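Student: Supplied in C-alpha cells, the structure appears directly below.
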Amino acid sequence: MVEDEADHPRGYVCYRAAGPIAIDGKADEPSWAAVPWTEDFSDIEGPAKPTPRFRSRAKMLWDDEYLYVYAELHEPHVWGTITRKNEVIFRDNDFEVFINPNGDNHNYYEYEMNALNTIWELTLDRRIGTTGRFIWGRTWKG
C-alpha cells in the first residue's frame, strides 16, 4: 500500500539553535552549519503537478524566543502585488511555512510572506482541499 503524500506530508525536524542567530539574511552561524536542508520543495498539490523549475529549500532552528527559518529561493523574476495583511497571498510569489508540531496533518498553522513583506497567517484543522475549518487572519503574538 502506497501512502498518500497529501495525508502524510514531508516533515522536517527543527533543531534547537546552539547559540545566537543574527537576523541578517546569512546562515553563517555554527548552528546553521549543523542542521540539514529540507528536501527541495515541490508543489503542494503533489506529484500530479510539474516539478518546480527553480530550486527552493530551507533550514529551521528554534530557541526559547523564536522560530528561525532560512530559505534559499531561486527565482529570476520575484514580484508581489498584495500589500494588505491576511489577504490570500499565494497568488503572488510567496514563501510559506507550515507548522504542525505533532505531524498528523491536522490543527496546523501557516505563515506566508510575499516579496513585499506582506504576511498571511492562517490556522487550519485539516489540510486545504478537504472538508474542514480554518481561521483566516489569525495573528499569533510574538
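If you're wondering about the labels, chains in the C-alpha cells are A, B, ... by order shown, residues count from 1 in each chain, ligands from 1 in order shown.
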Compile the contact shell of stretch 18-27 of chain A as a list in words: residues with an atom at most 12 Å away, counting only C-alpha atoms, same-chain residues fewer than 4 positions apart removed.
Tutor: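 What passes the distance filter is Ser31, Trp32, Ala33, Ala34, Val35, Trp37, Ala58, Lys59, Met60, Leu61, Trp62, Asp63, Asp64, Glu65, Tyr66, Leu67, Tyr68, Val69, Tyr70, Ala71 and Glu72 of chain A.
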Student: Between A:Leu124, A:Val13, A:Ile119, A:Val97, single out the one closest to A:Arg84, counting only C-alpha atoms.
Tutor: A:Ile119
Student: Nearest to A:Pro52: which of A:Asp40, A:Asp125, A:Val78, A:Trp120 is it, counting only C-alpha atoms?
Tutor: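 For A:Pro52, the nearest of the given residues is A:Asp40.
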Student: Atom CA of A:Asp92 and atom CA of A:Cys14 are how many Å apart?
Tutor: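 Atom-to-atom, atom CA of A:Asp92 and atom CA of A:Cys14 are spaced 27.0 Å apart.
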Student: Among the residues of chain A, find those DSSP assigns to strand (DSSP E or B) from the backbone and print them as a PDB file with N, CA and C atoms, in the first residue's frame.
Tutor:
```
ATOM      1  N   TYR A  15      15.716  21.685  14.834  1.00  0.00           N
ATOM      2  CA  TYR A  15      16.614  21.544  15.974  1.00  0.00           C
ATOM      3  C   TYR A  15      16.742  22.854  16.755  1.00  0.00           C
ATOM      4  N   ARG A  16      17.134  22.729  18.007  1.00  0.00           N
ATOM      5  CA  ARG A  16      17.372  23.887  18.859  1.00  0.00           C
ATOM      6  C   ARG A  16      18.695  24.539  18.442  1.00  0.00           C
ATOM      7  N   SER A  56      14.194  25.517  -4.465  1.00  0.00           N
ATOM      8  CA  SER A  56      13.897  26.191  -3.201  1.00  0.00           C
ATOM      9  C   SER A  56      14.064  25.163  -2.095  1.00  0.00           C
ATOM     10  N   ARG A  57      14.653  25.597  -0.985  1.00  0.00           N
ATOM     11  CA  ARG A  57      14.827  24.731   0.167  1.00  0.00           C
ATOM     12  C   ARG A  57      15.021  25.624   1.389  1.00  0.00           C
ATOM     13  N   ALA A  58      15.025  25.026   2.567  1.00  0.00           N
ATOM     14  CA  ALA A  58      15.115  25.821   3.785  1.00  0.00           C
ATOM     15  C   ALA A  58      15.802  25.042   4.899  1.00  0.00           C
ATOM     16  N   LYS A  59      16.174  25.785   5.927  1.00  0.00           N
ATOM     17  CA  LYS A  59      16.646  25.237   7.195  1.00  0.00           C
ATOM     18  C   LYS A  59      15.848  25.935   8.289  1.00  0.00           C
ATOM     19  N   MET A  60      15.641  25.246   9.412  1.00  0.00           N
ATOM     20  CA  MET A  60      14.911  25.854  10.517  1.00  0.00           C
ATOM     21  C   MET A  60      15.592  25.530  11.837  1.00  0.00           C
ATOM     22  N   LEU A  61      15.511  26.486  12.751  1.00  0.00           N
ATOM     23  CA  LEU A  61      16.025  26.348  14.113  1.00  0.00           C
ATOM     24  C   LEU A  61      15.037  27.007  15.070  1.00  0.00           C
ATOM     25  N   TRP A  62      15.190  26.735  16.342  1.00  0.00           N
ATOM     26  CA  TRP A  62      14.368  27.401  17.352  1.00  0.00           C
ATOM     27  C   TRP A  62      15.206  27.623  18.606  1.00  0.00           C
ATOM     28  N   LEU A  67      11.272  31.026  16.341  1.00  0.00           N
ATOM     29  CA  LEU A  67      11.467  30.023  15.306  1.00  0.00           C
ATOM     30  C   LEU A  67      12.217  30.744  14.191  1.00  0.00           C
ATOM     31  N   TYR A  68      13.339  30.195  13.751  1.00  0.00           N
ATOM     32  CA  TYR A  68      14.149  30.804  12.694  1.00  0.00           C
ATOM     33  C   TYR A  68      14.004  29.974  11.432  1.00  0.00           C
ATOM     34  N   VAL A  69      13.786  30.657  10.319  1.00  0.00           N
ATOM     35  CA  VAL A  69      13.681  29.982   9.028  1.00  0.00           C
ATOM     36  C   VAL A  69      14.651  30.669   8.077  1.00  0.00           C
ATOM     37  N   TYR A  70      15.546  29.887   7.513  1.00  0.00           N
ATOM     38  CA  TYR A  70      16.473  30.391   6.499  1.00  0.00           C
ATOM     39  C   TYR A  70      16.115  29.694   5.196  1.00  0.00           C
ATOM     40  N   ALA A  71      15.697  30.456   4.207  1.00  0.00           N
ATOM     41  CA  ALA A  71      15.259  29.879   2.941  1.00  0.00           C
ATOM     42  C   ALA A  71      16.195  30.289   1.815  1.00  0.00           C
ATOM     43  N   GLU A  72      16.444  29.348   0.930  1.00  0.00           N
ATOM     44  CA  GLU A  72      17.222  29.590  -0.275  1.00  0.00           C
ATOM     45  C   GLU A  72      16.257  29.428  -1.443  1.00  0.00           C
ATOM     46  N   LEU A  73      15.898  30.536  -2.067  1.00  0.00           N
ATOM     47  CA  LEU A  73      14.902  30.552  -3.124  1.00  0.00           C
ATOM     48  C   LEU A  73      15.545  31.074  -4.404  1.00  0.00           C
ATOM     49  N   ASP A  94       5.286  33.747  -3.258  1.00  0.00           N
ATOM     50  CA  ASP A  94       5.326  33.791  -1.796  1.00  0.00           C
ATOM     51  C   ASP A  94       6.122  32.622  -1.253  1.00  0.00           C
ATOM     52  N   PHE A  95       6.446  32.730   0.019  1.00  0.00           N
ATOM     53  CA  PHE A  95       7.128  31.677   0.745  1.00  0.00           C
ATOM     54  C   PHE A  95       6.213  31.295   1.893  1.00  0.00           C
ATOM     55  N   GLU A  96       5.990  29.991   2.080  1.00  0.00           N
ATOM     56  CA  GLU A  96       5.045  29.521   3.080  1.00  0.00           C
ATOM     57  C   GLU A  96       5.708  28.547   4.038  1.00  0.00           C
ATOM     58  N   VAL A  97       5.420  28.715   5.312  1.00  0.00           N
ATOM     59  CA  VAL A  97       5.889  27.788   6.338  1.00  0.00           C
ATOM     60  C   VAL A  97       4.651  27.160   6.966  1.00  0.00           C
ATOM     61  N   PHE A  98       4.606  25.835   7.001  1.00  0.00           N
ATOM     62  CA  PHE A  98       3.522  25.088   7.614  1.00  0.00           C
ATOM     63  C   PHE A  98       4.055  24.479   8.901  1.00  0.00           C
ATOM     64  N   ILE A  99       3.430  24.788  10.010  1.00  0.00           N
ATOM     65  CA  ILE A  99       3.894  24.291  11.306  1.00  0.00           C
ATOM     66  C   ILE A  99       2.847  23.337  11.858  1.00  0.00           C
ATOM     67  N   TYR A 108      -2.917  22.729  12.165  1.00  0.00           N
ATOM     68  CA  TYR A 108      -1.613  23.298  11.865  1.00  0.00           C
ATOM     69  C   TYR A 108      -1.748  24.772  11.521  1.00  0.00           C
ATOM     70  N   TYR A 109      -0.604  25.430  11.478  1.00  0.00           N
ATOM     71  CA  TYR A 109      -0.515  26.860  11.273  1.00  0.00           C
ATOM     72  C   TYR A 109       0.274  27.129  10.001  1.00  0.00           C
ATOM     73  N   GLU A 110      -0.186  28.106   9.221  1.00  0.00           N
ATOM     74  CA  GLU A 110       0.545  28.543   8.036  1.00  0.00           C
ATOM     75  C   GLU A 110       0.954  29.993   8.212  1.00  0.00           C
ATOM     76  N   TYR A 111       2.161  30.272   7.825  1.00  0.00           N
ATOM     77  CA  TYR A 111       2.668  31.636   7.796  1.00  0.00           C
ATOM     78  C   TYR A 111       3.185  31.845   6.387  1.00  0.00           C
ATOM     79  N   GLU A 112       2.632  32.834   5.688  1.00  0.00           N
ATOM     80  CA  GLU A 112       3.016  33.091   4.309  1.00  0.00           C
ATOM     81  C   GLU A 112       3.487  34.534   4.171  1.00  0.00           C
ATOM     82  N   MET A 113       4.483  34.740   3.302  1.00  0.00           N
ATOM     83  CA  MET A 113       5.037  36.075   3.091  1.00  0.00           C
ATOM     84  C   MET A 113       5.359  36.252   1.617  1.00  0.00           C
ATOM     85  N   ASN A 114       5.020  37.424   1.074  1.00  0.00           N
ATOM     86  CA  ASN A 114       5.387  37.703  -0.315  1.00  0.00           C
ATOM     87  C   ASN A 114       6.625  38.594  -0.367  1.00  0.00           C
ATOM     88  N   ILE A 119       2.215  39.611   4.984  1.00  0.00           N
ATOM     89  CA  ILE A 119       2.041  38.279   5.550  1.00  0.00           C
ATOM     90  C   ILE A 119       0.576  37.867   5.584  1.00  0.00           C
ATOM     91  N   TRP A 120       0.388  36.554   5.590  1.00  0.00           N
ATOM     92  CA  TRP A 120      -0.929  35.946   5.775  1.00  0.00           C
ATOM     93  C   TRP A 120      -0.741  34.850   6.812  1.00  0.00           C
ATOM     94  N   GLU A 121      -1.482  34.941   7.908  1.00  0.00           N
ATOM     95  CA  GLU A 121      -1.437  33.935   8.958  1.00  0.00           C
ATOM     96  C   GLU A 121      -2.752  33.173   8.933  1.00  0.00           C
ATOM     97  N   LEU A 122      -2.657  31.871   9.042  1.00  0.00           N
ATOM     98  CA  LEU A 122      -3.810  31.010   8.844  1.00  0.00           C
ATOM     99  C   LEU A 122      -3.673  29.779   9.732  1.00  0.00           C
ATOM    100  N   THR A 123      -4.745  29.395  10.398  1.00  0.00           N
ATOM    101  CA  THR A 123      -4.766  28.179  11.199  1.00  0.00           C
ATOM    102  C   THR A 123      -5.823  27.258  10.610  1.00  0.00           C
ATOM    103  N   LEU A 124      -5.479  25.989  10.407  1.00  0.00           N
ATOM    104  CA  LEU A 124      -6.400  25.032   9.796  1.00  0.00           C
ATOM    105  C   LEU A 124      -6.539  23.795  10.676  1.00  0.00           C
ATOM    106  N   PHE A 134     -11.065  26.566   8.899  1.00  0.00           N
ATOM    107  CA  PHE A 134      -9.828  27.297   9.078  1.00  0.00           C
ATOM    108  C   PHE A 134     -10.128  28.675   9.628  1.00  0.00           C
ATOM    109  N   ILE A 135      -9.140  29.200  10.320  1.00  0.00           N
ATOM    110  CA  ILE A 135      -9.234  30.534  10.907  1.00  0.00           C
ATOM    111  C   ILE A 135      -8.350  31.437  10.067  1.00  0.00           C
ATOM    112  N   TRP A 136      -8.969  32.324   9.318  1.00  0.00           N
ATOM    113  CA  TRP A 136      -8.305  33.198   8.380  1.00  0.00           C
ATOM    114  C   TRP A 136      -7.810  34.428   9.126  1.00  0.00           C
TER     115      TRP A 136
END
```
Student: Stretch 16-107 of chain A: which residues are helix (DSSP H, G or I) by DSSP, as a ChimeraX atom specification?
Tutor: /A:30-33,89-91
